[in-house]
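File shown here: start04.cif, holding mmCIF, C-alpha atoms.
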```cif
data_protein
#
loop_
_atom_site.label_atom_id
_atom_site.label_comp_id
_atom_site.auth_asym_id
_atom_site.auth_seq_id
_atom_site.Cartn_x
_atom_site.Cartn_y
_atom_site.Cartn_z
CA MET A 1 7.01 11.50 -14.13
CA ALA A 2 7.35 8.55 -16.50
CA GLU A 3 4.45 6.14 -16.91
CA ILE A 4 4.96 2.55 -15.80
CA SER A 5 3.30 -0.64 -16.94
CA PHE A 6 1.05 -2.80 -14.77
CA ASP A 7 3.88 -5.37 -14.72
CA ASP A 8 6.15 -2.68 -13.22
CA PHE A 9 3.53 -2.03 -10.51
CA LEU A 10 3.36 -5.75 -9.70
CA LYS A 11 7.10 -5.76 -8.96
CA VAL A 12 6.50 -3.63 -5.85
CA ASP A 13 5.17 -5.92 -3.12
CA VAL A 14 3.10 -3.73 -0.76
CA ARG A 15 1.62 -5.66 2.17
CA VAL A 16 -0.33 -4.88 5.31
CA GLY A 17 1.03 -5.79 8.72
CA THR A 18 0.46 -5.06 12.39
CA ILE A 19 3.05 -3.25 14.48
CA THR A 20 3.93 -5.57 17.38
CA GLN A 21 6.79 -3.70 19.01
CA VAL A 22 8.27 -0.20 18.96
CA GLU A 23 11.67 0.81 20.29
CA PRO A 24 13.40 4.18 20.42
CA PHE A 25 16.17 4.71 17.86
CA PRO A 26 18.45 7.32 19.46
CA GLU A 27 21.30 6.59 17.01
CA ALA A 28 19.23 7.75 14.00
CA ARG A 29 20.18 11.10 12.43
CA LYS A 30 16.54 12.25 12.47
CA PRO A 31 14.07 11.26 15.21
CA ALA A 32 12.85 7.73 14.49
CA TYR A 33 11.49 4.52 15.96
CA LYS A 34 12.44 0.90 15.35
CA LEU A 35 9.22 -0.79 14.26
CA TYR A 36 8.60 -4.54 14.30
CA VAL A 37 5.74 -5.48 11.98
CA ASP A 38 3.93 -8.84 11.73
CA PHE A 39 2.95 -9.74 8.15
CA GLY A 40 1.42 -13.11 8.99
CA PRO A 41 2.75 -16.66 8.67
CA LYS A 42 4.03 -16.50 5.07
CA ILE A 43 6.22 -13.40 5.51
CA GLY A 44 6.62 -13.26 9.28
CA GLU A 45 7.88 -10.34 11.31
CA ARG A 46 10.04 -7.69 9.69
CA LYS A 47 11.62 -4.55 11.10
CA SER A 48 11.98 -0.99 9.89
CA SER A 49 13.31 2.37 10.94
CA ALA A 50 10.54 4.94 10.62
CA GLN A 51 10.66 8.71 11.07
CA VAL A 52 7.13 8.94 12.47
CA THR A 53 7.83 10.43 15.92
CA HIS A 54 6.09 13.74 15.15
CA HIS A 55 2.57 12.30 14.90
CA TYR A 56 2.83 9.01 16.81
CA THR A 57 3.95 7.87 20.25
CA ALA A 58 5.49 4.43 20.63
CA GLU A 59 2.52 3.30 22.72
CA GLU A 60 -0.12 4.24 20.15
CA LEU A 61 1.75 2.52 17.31
CA VAL A 62 1.58 -0.97 18.84
CA GLY A 63 -1.41 -2.80 17.34
CA ARG A 64 -1.76 -0.39 14.41
CA GLN A 65 -1.90 -1.83 10.89
CA VAL A 66 0.37 -0.24 8.29
CA ALA A 67 1.27 -0.63 4.62
CA ALA A 68 4.87 -1.44 3.73
CA VAL A 69 7.03 -2.49 0.79
CA VAL A 70 8.37 -5.91 1.74
CA ASN A 71 10.57 -6.75 -1.27
CA PHE A 72 13.25 -4.05 -1.09
CA PRO A 73 16.71 -5.29 -0.09
CA PRO A 74 17.55 -4.69 3.59
CA LYS A 75 19.23 -1.37 4.37
CA GLN A 76 21.72 -0.75 7.15
CA ILE A 77 20.80 2.40 9.10
CA GLY A 78 23.52 2.91 11.68
CA PRO A 79 23.47 -0.13 13.98
CA PHE A 80 19.99 -1.21 12.75
CA ARG A 81 19.09 -3.31 9.71
CA SER A 82 15.83 -2.10 8.16
CA GLU A 83 14.04 -4.84 6.18
CA ILE A 84 10.91 -3.05 4.93
CA LEU A 85 9.75 0.43 3.95
CA VAL A 86 6.71 1.57 5.93
CA LEU A 87 4.68 3.88 3.69
CA GLY A 88 3.26 7.31 4.43
CA PHE A 89 2.46 10.73 3.04
CA PRO A 90 3.88 14.09 4.15
CA ASP A 91 1.55 16.43 6.00
CA ALA A 92 1.62 20.20 5.30
CA GLY A 93 4.82 20.49 7.37
CA GLY A 94 6.56 17.52 5.73
CA GLU A 95 6.04 15.11 8.66
CA VAL A 96 5.07 11.51 7.90
CA VAL A 97 1.47 10.33 8.20
CA MET A 98 1.45 6.54 7.81
CA ILE A 99 -0.79 4.70 5.35
CA GLU A 100 -3.15 2.28 7.08
CA PRO A 101 -6.36 0.44 6.14
CA ASN A 102 -9.55 2.04 7.43
CA ARG A 103 -10.85 -1.38 8.54
CA PRO A 104 -8.99 -4.39 9.99
CA VAL A 105 -7.65 -6.76 7.32
CA PRO A 106 -5.61 -9.98 7.58
CA ASN A 107 -1.86 -9.44 8.01
CA GLY A 108 0.09 -10.15 4.84
CA GLY A 109 -2.63 -8.98 2.44
CA ARG A 110 -1.19 -7.55 -0.76
CA LEU A 111 -2.14 -4.14 -2.12
CA PHE A 112 -3.97 -4.25 -5.44
#
```
Can the structure in the file be given as structure tokens, please?
Amino acid sequence: MAEISFDDFLKVDVRVGTITQVEPFPEARKPAYKLYVDFGPKIGERKSSAQVTHHYTAEELVGRQVAAVVNFPPKQIGPFRSEILVLGFPDAGGEVVMIEPNRPVPNGGRLF
């Protein structure tokens, strides 16, 4: 993999937000939820399609803080417009485990 500069890293705006609402996304090709994430007053609420149904129920996602890229252009996924990319790592079976802070932090905080 090619090395990047610190300036390249700064171009990716990764923020923390709290999931406020989760809806099923039956139209998605792979099992997914529609997530609504609050990034605080400067960024506001953004939405994302996330393939996290293997490890998380909709009920346990509400109130959870997650990391997401907030400066990608929106992407149309079927009838849903995804505005952010919620970040995660694959487990041993390739299923998504979301990245989240291990202590509560203010919504909108930027990764550094």
Translate the PyMOL selection byres ((chain A and resi 62) around 9) into a concrete residue list for this structure, as a ChimeraX atom specification.
/A:18-22,35,58-61,63-65
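Nearest residue to Asn71 in chain A among A:Asp91, A:Asp13, A:Glu45, A:Glu27 is A:Asp13, counting only C-alpha atoms.
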Quick check on the file I pasted: which residues fall under the PyMOL selection byres ((chain A and resi 66) around 12)? Write them as number ranges by chain.
A: 14-20, 35-39, 48, 50, 61-65, 67-70, 84-88, 97-111
Please indicate the distance in Å from CA of Gly93 in chain A to CA of Phe25 in chain A, rounded to one decimal place.
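These two atoms are separated by 22.1 Å.
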On this structure, the PyMOL selection byres ((chain A and resi 78) around 10) would catch which residues? List them as a PyMOL selection string, sorted by chain and number.
chain A and resi 25+27-29+75-77+79-82
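The spacing separating CA of Tyr56 in chain A from CA of Ala32 in chain A amounts to 10.4 Å.
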A straight line from CA of Phe9 in chain A to CA of Lys42 in chain A spans 21.3 Å
Which is closer to Lys30 in chain A than all the others in A:Val12, A:Ser5, A:Pro74, A:Val52, using all atoms listed in the file?
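For Lys30 in chain A, the nearest of the candidates is A:Val52.
Proximity of A:Ala92, A:Thr57, A:Lys11, A:Gly44 to Phe112 in chain A, computed with only C-alpha atoms, is greatest for A:Lys11.
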Pick out the closest residue to His54 in chain A from this set: A:Leu10, A:Glu3, A:Lys34, A:Gly94. Count all atoms listed in the file.
A:Gly94
